[in-house]
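Enquirer: So I've got this file, query.cif, and it contains mmCIF, C-alpha atoms and all ligand atoms:
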data_structure
loop_
_atom_site.label_atom_id
_atom_site.label_comp_id
_atom_site.auth_asym_id
_atom_site.auth_seq_id
_atom_site.Cartn_x
_atom_site.Cartn_y
_atom_site.Cartn_z
CA MET O 11 -30.18 -6.33 21.36
CA ASP O 12 -32.37 -3.60 19.90
CA ARG O 13 -35.98 -4.55 20.08
CA ASN O 14 -39.15 -2.98 18.83
CA SER O 15 -41.79 -3.99 21.32
CA GLN O 16 -44.57 -1.88 19.88
CA ASP O 17 -47.19 -4.58 20.12
CA GLY O 18 -46.85 -5.23 23.79
CA ASP O 19 -44.90 -7.56 25.99
CA ASN O 20 -46.81 -10.02 28.16
CA GLU O 21 -44.22 -9.49 30.83
CA PHE O 22 -45.54 -5.97 31.26
CA GLU O 23 -49.25 -6.65 31.06
CA SER O 24 -49.41 -7.57 34.75
CA ASN O 25 -49.83 -4.94 37.40
CA THR O 26 -46.95 -6.38 39.40
CA PRO O 27 -43.84 -4.34 38.64
CA PRO O 28 -40.97 -6.38 37.14
CA LYS O 29 -37.61 -6.39 38.93
CA GLY O 30 -36.13 -2.89 39.08
CA CYS O 31 -39.48 -1.10 38.76
CA GLN O 32 -41.41 0.00 41.85
CA HIS O 33 -44.52 1.75 42.92
CA TYR O 34 -44.01 3.09 46.43
CA ALA O 35 -47.31 3.65 48.22
CA ASN O 36 -45.52 4.71 51.44
CA LEU O 37 -42.45 6.76 52.18
CA SER O 38 -41.18 4.09 54.58
CA ASP O 39 -41.02 1.51 51.74
CA MET O 40 -38.53 3.65 49.80
CA PRO O 41 -34.74 3.25 50.03
CA TRP O 42 -33.50 6.05 52.30
CA ASP O 43 -31.33 7.70 49.64
CA ILE O 44 -34.33 8.51 47.40
CA GLN O 45 -36.86 9.28 50.15
CA LYS O 46 -36.30 13.00 49.59
CA TYR O 47 -38.14 12.69 46.26
CA TYR O 48 -41.30 11.14 47.69
CA ASP O 49 -42.95 14.51 48.35
CA GLN O 50 -42.50 15.36 44.67
CA ARG O 51 -44.42 12.31 43.43
CA TYR O 52 -47.53 14.22 42.31
CA SER O 53 -45.54 16.89 40.52
CA ILE O 54 -43.63 14.14 38.77
CA PHE O 55 -46.80 12.26 37.76
CA SER O 56 -50.15 13.72 38.83
CA GLN O 57 -51.65 10.23 38.46
CA TYR O 58 -49.00 8.72 40.73
CA ASP O 59 -51.60 6.99 42.89
CA GLU O 60 -52.95 5.06 39.88
CA GLY O 61 -49.87 2.87 40.28
CA ILE O 62 -47.04 4.73 38.50
CA TRP O 63 -43.82 2.70 38.27
CA MET O 64 -40.38 4.23 38.71
CA THR O 65 -36.81 2.95 38.62
CA GLU O 66 -34.53 4.28 41.35
CA ASP O 67 -32.61 6.44 38.85
CA ALA O 68 -35.81 7.88 37.44
CA TRP O 69 -36.64 9.76 40.64
CA PHE O 70 -33.99 12.34 39.77
CA GLY O 71 -33.96 11.95 35.97
CA VAL O 72 -37.66 12.13 35.10
CA THR O 73 -39.12 15.34 33.65
CA PRO O 74 -41.90 16.53 36.02
CA GLU O 75 -45.34 16.52 34.43
CA PRO O 76 -45.98 20.31 34.32
CA VAL O 77 -42.62 20.85 32.62
CA ALA O 78 -43.14 17.94 30.21
CA LYS O 79 -46.59 19.29 29.34
CA LYS O 80 -45.28 22.79 28.63
CA VAL O 81 -42.39 21.45 26.55
CA ALA O 82 -44.87 19.30 24.59
CA GLU O 83 -47.10 22.34 23.98
CA HIS O 84 -44.18 24.41 22.74
CA VAL O 85 -42.83 21.68 20.45
CA ALA O 86 -46.35 21.09 19.08
CA GLU O 87 -46.93 24.78 18.33
CA ALA O 88 -43.50 25.72 17.08
CA ALA O 89 -42.63 22.77 14.82
CA PRO O 90 -43.37 23.10 11.09
CA GLU O 91 -46.78 21.66 10.21
CA SER O 92 -45.15 19.20 7.83
CA LYS O 93 -43.54 17.38 10.75
CA ALA O 94 -45.96 14.66 11.80
CA ILE O 95 -43.70 12.42 13.87
CA LEU O 96 -42.07 12.92 17.24
CA ILE O 97 -39.12 10.75 18.26
CA ASP O 98 -38.07 10.75 21.94
CA CYS O 99 -34.55 9.30 22.04
CA PHE O 100 -34.18 8.94 25.83
CA ALA O 101 -37.66 7.99 26.98
CA GLY O 102 -36.78 7.05 30.57
CA VAL O 103 -39.94 6.22 32.55
CA GLY O 104 -42.06 8.24 30.14
CA GLY O 105 -42.26 11.77 31.56
CA ASN O 106 -41.81 13.51 28.22
CA VAL O 107 -43.06 10.90 25.81
CA ILE O 108 -46.42 10.61 27.59
CA ALA O 109 -46.84 14.39 27.36
CA PHE O 110 -45.96 14.34 23.65
CA ALA O 111 -48.53 11.64 22.98
CA ARG O 112 -51.18 13.41 25.08
CA SER O 113 -50.70 16.63 23.08
CA GLY O 114 -52.51 14.94 20.19
CA ARG O 115 -50.30 16.84 17.71
CA TRP O 116 -48.39 13.85 16.27
CA ARG O 117 -49.47 11.18 13.83
CA ARG O 118 -47.10 8.84 15.64
CA VAL O 119 -44.76 9.09 18.62
CA TYR O 120 -41.64 6.90 18.88
CA ALA O 121 -39.94 6.17 22.20
CA ILE O 122 -36.42 4.76 22.51
CA GLU O 123 -34.86 3.66 25.81
CA LYS O 124 -31.89 1.41 26.41
CA ASP O 125 -32.69 0.40 30.00
CA PRO O 126 -35.35 -2.35 29.85
CA ARG O 127 -36.54 -1.54 33.39
CA ALA O 128 -37.11 2.12 32.56
CA LEU O 129 -38.82 1.09 29.32
CA ALA O 130 -41.15 -1.23 31.25
CA CYS O 131 -42.05 1.66 33.55
CA ALA O 132 -42.63 4.00 30.61
CA LYS O 133 -45.02 1.58 28.91
CA HIS O 134 -46.91 0.95 32.11
CA ASN O 135 -47.11 4.67 32.91
CA ALA O 136 -48.27 5.43 29.37
CA GLU O 137 -51.03 2.88 29.88
CA ILE O 138 -52.16 4.75 33.00
CA TYR O 139 -52.31 7.97 30.97
CA GLY O 140 -54.18 6.21 28.16
CA VAL O 141 -51.54 6.73 25.45
CA ARG O 142 -49.53 3.50 25.37
CA ASP O 143 -50.94 2.45 21.99
CA GLN O 144 -50.09 5.79 20.40
CA ILE O 145 -46.40 5.19 21.01
CA SER O 146 -44.03 2.82 19.18
CA TRP O 147 -41.56 1.48 21.73
CA TYR O 148 -37.93 0.63 21.01
CA GLU O 149 -35.48 -0.94 23.45
CA GLY O 150 -31.82 -0.26 22.75
CA ASP O 151 -29.26 2.39 21.91
CA CYS O 152 -30.97 5.39 20.33
CA PHE O 153 -28.07 6.24 18.03
CA LYS O 154 -28.14 2.76 16.51
CA ILE O 155 -31.93 2.62 16.30
CA LEU O 156 -32.13 6.04 14.66
CA ARG O 157 -29.51 5.01 12.12
CA ASN O 158 -30.71 1.49 11.41
CA GLU O 159 -34.47 1.53 11.92
CA LEU O 160 -35.84 5.06 11.92
CA ALA O 161 -33.63 6.82 9.37
CA ASP O 162 -36.46 7.03 6.82
CA LEU O 163 -38.64 8.93 9.29
CA GLY O 164 -36.09 11.71 9.79
CA LYS O 165 -37.45 14.18 7.25
CA HIS O 166 -40.95 13.96 8.75
CA SER O 167 -39.79 14.13 12.37
CA VAL O 168 -38.96 16.31 15.29
CA VAL O 169 -36.30 14.61 17.42
CA PHE O 170 -36.37 15.25 21.17
CA ALA O 171 -33.51 14.26 23.48
CA SER O 172 -33.36 14.45 27.28
CA PRO O 173 -29.99 12.77 27.84
CA PRO O 174 -28.40 11.94 31.19
CA TRP O 175 -26.71 15.05 32.62
CA GLY O 176 -23.77 13.30 34.23
CA GLY O 177 -20.35 14.77 34.45
CA PRO O 178 -18.37 17.05 36.64
CA GLY O 179 -20.12 20.08 37.93
CA TYR O 180 -23.73 19.69 36.82
CA ARG O 181 -25.01 20.64 40.26
CA SER O 182 -22.22 22.92 41.43
CA ASP O 183 -20.87 24.82 38.38
CA THR O 184 -22.31 28.27 37.67
CA VAL O 185 -22.02 27.50 33.98
CA PHE O 186 -22.32 23.88 32.89
CA ASP O 187 -19.74 22.85 30.31
CA LEU O 188 -21.64 20.88 27.65
CA THR O 189 -18.38 19.58 26.20
CA ARG O 190 -17.90 17.61 29.44
CA MET O 191 -21.42 16.28 29.82
CA GLN O 192 -21.37 12.48 30.25
CA PRO O 193 -21.85 10.05 28.71
CA TYR O 194 -22.79 12.22 25.70
CA THR O 195 -21.40 15.68 25.05
CA LEU O 196 -23.37 18.32 23.17
CA LEU O 197 -21.70 17.32 19.91
CA ASP O 198 -22.12 13.58 20.54
CA LEU O 199 -25.84 14.31 20.62
CA LEU O 200 -26.28 16.99 18.01
CA LYS O 201 -24.22 15.49 15.20
CA PRO O 202 -26.16 12.22 14.82
CA LEU O 203 -29.53 13.77 15.62
CA GLN O 204 -29.12 16.59 13.10
CA LYS O 205 -27.97 14.06 10.53
CA LEU O 206 -31.38 12.42 10.90
CA ALA O 207 -33.65 15.45 11.26
CA ASN O 208 -33.56 19.21 10.80
CA ASN O 209 -35.69 19.85 13.89
CA VAL O 210 -33.94 18.81 17.09
CA VAL O 211 -34.87 19.74 20.68
CA LEU O 212 -32.40 19.15 23.51
CA TYR O 213 -33.50 19.17 27.16
CA LEU O 214 -30.47 20.30 29.15
CA PRO O 215 -29.33 21.64 32.55
CA ARG O 216 -30.55 25.15 33.32
CA THR O 217 -26.95 26.37 33.69
CA SER O 218 -25.85 25.08 30.25
CA ASP O 219 -23.25 27.26 28.52
CA MET O 220 -25.21 29.46 26.07
CA ARG O 221 -22.12 30.21 24.01
CA GLN O 222 -21.65 26.52 23.32
CA LEU O 223 -25.28 26.24 22.24
CA ALA O 224 -25.10 29.38 20.09
CA ALA O 225 -21.97 28.06 18.39
CA GLN O 226 -24.03 25.15 17.04
CA SER O 227 -26.57 27.33 15.22
CA ARG O 228 -26.38 26.74 11.48
CA GLY O 229 -25.63 29.67 9.17
CA SER O 230 -27.61 32.75 10.14
CA SER O 231 -30.33 30.75 11.90
CA LYS O 232 -30.97 31.36 15.58
CA THR O 233 -31.33 28.74 18.30
CA MET O 234 -34.20 29.44 20.66
CA VAL O 235 -33.48 28.56 24.28
CA MET O 236 -36.37 28.37 26.71
CA HIS O 237 -36.23 28.02 30.49
CA TYR O 238 -38.87 25.78 32.05
CA CYS O 239 -39.72 26.77 35.61
CA MET O 240 -41.63 25.32 38.53
CA GLU O 241 -42.43 27.29 41.65
CA GLY O 242 -40.45 30.25 40.39
CA ALA O 243 -37.22 28.39 39.70
CA SER O 244 -35.80 27.10 36.44
CA LYS O 245 -35.77 23.29 36.27
CA ALA O 246 -34.13 22.95 32.87
CA ILE O 247 -33.82 24.48 29.42
CA CYS O 248 -34.80 23.33 25.97
CA ALA O 249 -32.65 24.35 23.02
CA TYR O 250 -34.58 24.34 19.75
CA PHE O 251 -32.33 23.68 16.73
CA GLY O 252 -33.77 24.16 13.25
CA ALA O 253 -36.91 25.86 11.98
CA PHE O 254 -39.22 26.39 14.94
CA THR O 255 -41.64 29.30 14.95
CA PHE O 256 -42.65 30.62 18.35
CA ARG O 257 -45.69 32.87 18.39
C1 LIG M 301 -32.69 11.82 31.92
S1 LIG M 301 -33.31 10.25 31.57
C2 LIG M 301 -34.70 10.61 30.55
C3 LIG M 301 -35.92 10.97 31.34
C4 LIG M 301 -37.20 11.02 30.54
N1 LIG M 301 -37.28 12.20 29.70
C5 LIG M 301 -38.39 10.98 31.48
O1 LIG M 301 -39.05 12.00 31.66
O2 LIG M 301 -38.63 9.91 32.08
C6 LIG M 301 -32.16 9.64 30.40
C7 LIG M 301 -32.47 8.21 29.93
O3 LIG M 301 -31.67 7.92 28.80
C8 LIG M 301 -31.40 6.54 28.80
N2 LIG M 301 -30.27 6.35 27.89
C9 LIG M 301 -28.96 6.65 28.11
N3 LIG M 301 -28.24 6.39 26.99
C10 LIG M 301 -29.12 5.94 26.05
C11 LIG M 301 -28.98 5.55 24.70
N4 LIG M 301 -27.79 5.55 24.09
N5 LIG M 301 -30.08 5.16 24.03
C12 LIG M 301 -31.30 5.16 24.63
N6 LIG M 301 -31.49 5.51 25.92
C13 LIG M 301 -30.42 5.92 26.62
C14 LIG M 301 -31.15 6.22 30.27
O4 LIG M 301 -31.34 4.84 30.51
C15 LIG M 301 -32.19 7.11 30.95
O5 LIG M 301 -33.38 6.40 31.19
#
As structure tokens, what does this structure read like?
Ligand SMILES: C[S@@+](CC[C@H](N)C(=O)[O-])C[C@H]1O[C@@H](n2cnc3c(N)ncnc32)[C@H](O)[C@@H]1O

Expert:
Amino acid sequence: MDRNSQDGDNEFESNTPPKGCQHYANLSDMPWDIQKYYDQRYSIFSQYDEGIWMTEDAWFGVTPEPVAKKVAEHVAEAAPESKAILIDCFAGVGGNVIAFARSGRWRRVYAIEKDPRALACAKHNAEIYGVRDQISWYEGDCFKILRNELADLGKHSVVFASPPWGGPGYRSDTVFDLTRMQPYTLLDLLKPLQKLANNVVLYLPRTSDMRQLAAQSRGSSKTMVMHYCMEGASKAICAYFGAFTFR
């Protein structure tokens, strides 16, 4: 069931993580298959030691804080001034949405996440970063929530989407075929998001097929694609659809 839990859930007020959320204070407490991520904990969340919660999937899906911060800066600067709302459709454990709220650019930030465990982590992590109350939280399928509950906000909003990157070849292909991304292809994402808002930002694999992105530009408008790097290597790209002005 879709649920707007903006005003807080008692379940999440405690500092004990609910089932499926963890804070690992030691490497040896972690399941072996995710131990390789432990060293990255401070680049994922610099305030990790304050008690950041993660789901197991989030260790490889979360946007690291320096990247999230830079993306948030770019979206804040480049979006038209008239856009006062930021909607993060795939909030995960909060990597991006916390950075958007911390930018101070938005009158309101909306976070949608279908996995209740990830959503619990995101709220808790946003609390650690002091921005939980600036975010309206929605549990459920983003496509339904955008259509049924947030449609009126579209014209005032920038919509950001960092979908799962599943599908054949994400790690091994030289060029990642966005028509085979799972569970949502490029068009599965863009069509409904662009129906809601003119300004859409997609966070995608660094090897994404540029021709497929270019083919989705409307009319004579250009789509800006930016690589976001850490330690000299690209982590991901953002594709900016609609009127964004980069200085
Ligand atoms: C790559 S992660 C997002 C990571 C997030 N940007 C962060 O930094 O924590 C993708 C998330 O999308 C969620 N998701 C997948 N399909 C969804 C849908 N239809 N509606 C809302 N959330 C969805 C998954 O549960 C997962 O947490």

Enquirer: Between chain O and ligand LIG 301 (chain M), at 6 Å or less, what are the per-residue closest atom pairs and their distances in Å? Count only C-alpha atoms and all ligand atoms, order by chain and rising residue number, and return it as CSV.

Expert:
residue,atom,partner,partner_atom,distance
O:Gly71,CA,M:LIG301,C1,4.2
O:Val72,CA,M:LIG301,O1,3.7
O:Thr73,CA,M:LIG301,O1,3.9
O:Cys99,CA,M:LIG301,C12,5.9
O:Phe100,CA,M:LIG301,O3,4.0
O:Ala101,CA,M:LIG301,C4,4.7
O:Gly102,CA,M:LIG301,O5,3.5
O:Val103,CA,M:LIG301,O2,3.9
O:Gly104,CA,M:LIG301,O2,4.3
O:Gly105,CA,M:LIG301,O1,3.2
O:Asn106,CA,M:LIG301,O1,4.7
O:Ile122,CA,M:LIG301,C12,5.6
O:Glu123,CA,M:LIG301,N6,3.8
O:Lys124,CA,M:LIG301,N6,4.1
O:Asp125,CA,M:LIG301,O4,4.7
O:Ala128,CA,M:LIG301,O5,5.8
O:Gly150,CA,M:LIG301,C12,5.8
O:Asp151,CA,M:LIG301,N5,3.6
O:Cys152,CA,M:LIG301,N5,3.8
O:Ser172,CA,M:LIG301,N1,5.1
O:Pro173,CA,M:LIG301,C6,4.6
O:Pro174,CA,M:LIG301,C1,4.4

Enquirer: Find the residue from O:Leu206, O:Leu37, O:Met64, O:Val119 that sits nearest to Glu159 (chain O); use only C-alpha atoms when measuring.

Expert: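 Using only C-alpha atoms, Glu159 (chain O) sits closest to O:Leu206.
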
Enquirer: Grab the CA of Cys248 (chain O) to CA of Met236 (chain O) distance for me, in Å with one decimal place.

Expert: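 Those two atoms sit 5.3 Å apart.
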
Enquirer: Quick one: of O:Ala253, O:Ala88, O:Ala68, O:Met220, who's nearest to Leu129 (chain O), counting all atoms listed in the file?

Expert: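 Ranked by minimum distance to Leu129 (chain O), first place goes to O:Ala68.
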
Enquirer: So which one's closest to Lys245 (chain O), O:Cys131, O:Leu214, O:Ala94, O:Leu188? Using all atoms listed in the file, please.

Expert: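 Of O:Cys131, O:Leu214, O:Ala94, O:Leu188, the one nearest Lys245 (chain O), counting all atoms listed in the file, is O:Leu214.
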
Enquirer: For CA of Pro193 (chain O) and CA of Arg181 (chain O), determine how far apart the two atoms are, in Å to one decimal place.

Expert: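 Separation between CA of Pro193 (chain O) and CA of Arg181 (chain O): 16.0 Å.
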
Enquirer: If you count all atoms listed in the file, which residues fall within 12 Å of Ala35 (chain O), apart from same-chain ones fewer than 2 positions away, as a list in words?

Expert: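 The contact residues come out as Gln32, His33, Leu37, Ser38, Asp39, Met40, Tyr48, Asp49, Arg51, Tyr58, Asp59, Glu60, Gly61, Ile62, Trp63 and Met64 of chain O.
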
Enquirer: Which residue, O:Ala121, O:Ala136, O:Ile97, O:Val235, has the smallest gap to Asn209 (chain O) when you use all atoms listed in the file?

Expert: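 The answer is O:Ile97, which sits nearest to Asn209 (chain O).
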
Enquirer: Rank nothing, just name the residue among O:Ala171, O:Val211, O:Ala132, O:Ile54 nearest to Ala89 (chain O), using all atoms listed in the file.

Expert: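 Checking each candidate against Ala89 (chain O), we get O:Val211 as the closest.
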
Enquirer: From the list O:Ile247, O:Leu203, O:Val77, O:Ala82, which residue is nearest Ser167 (chain O) when using only C-alpha atoms?

Expert: O:Leu203

Enquirer: Could you please determine the separation between CA of Tyr47 (chain O) and CA of Met240 (chain O) in Å, to one decimal place?

Expert: 15.2 Å
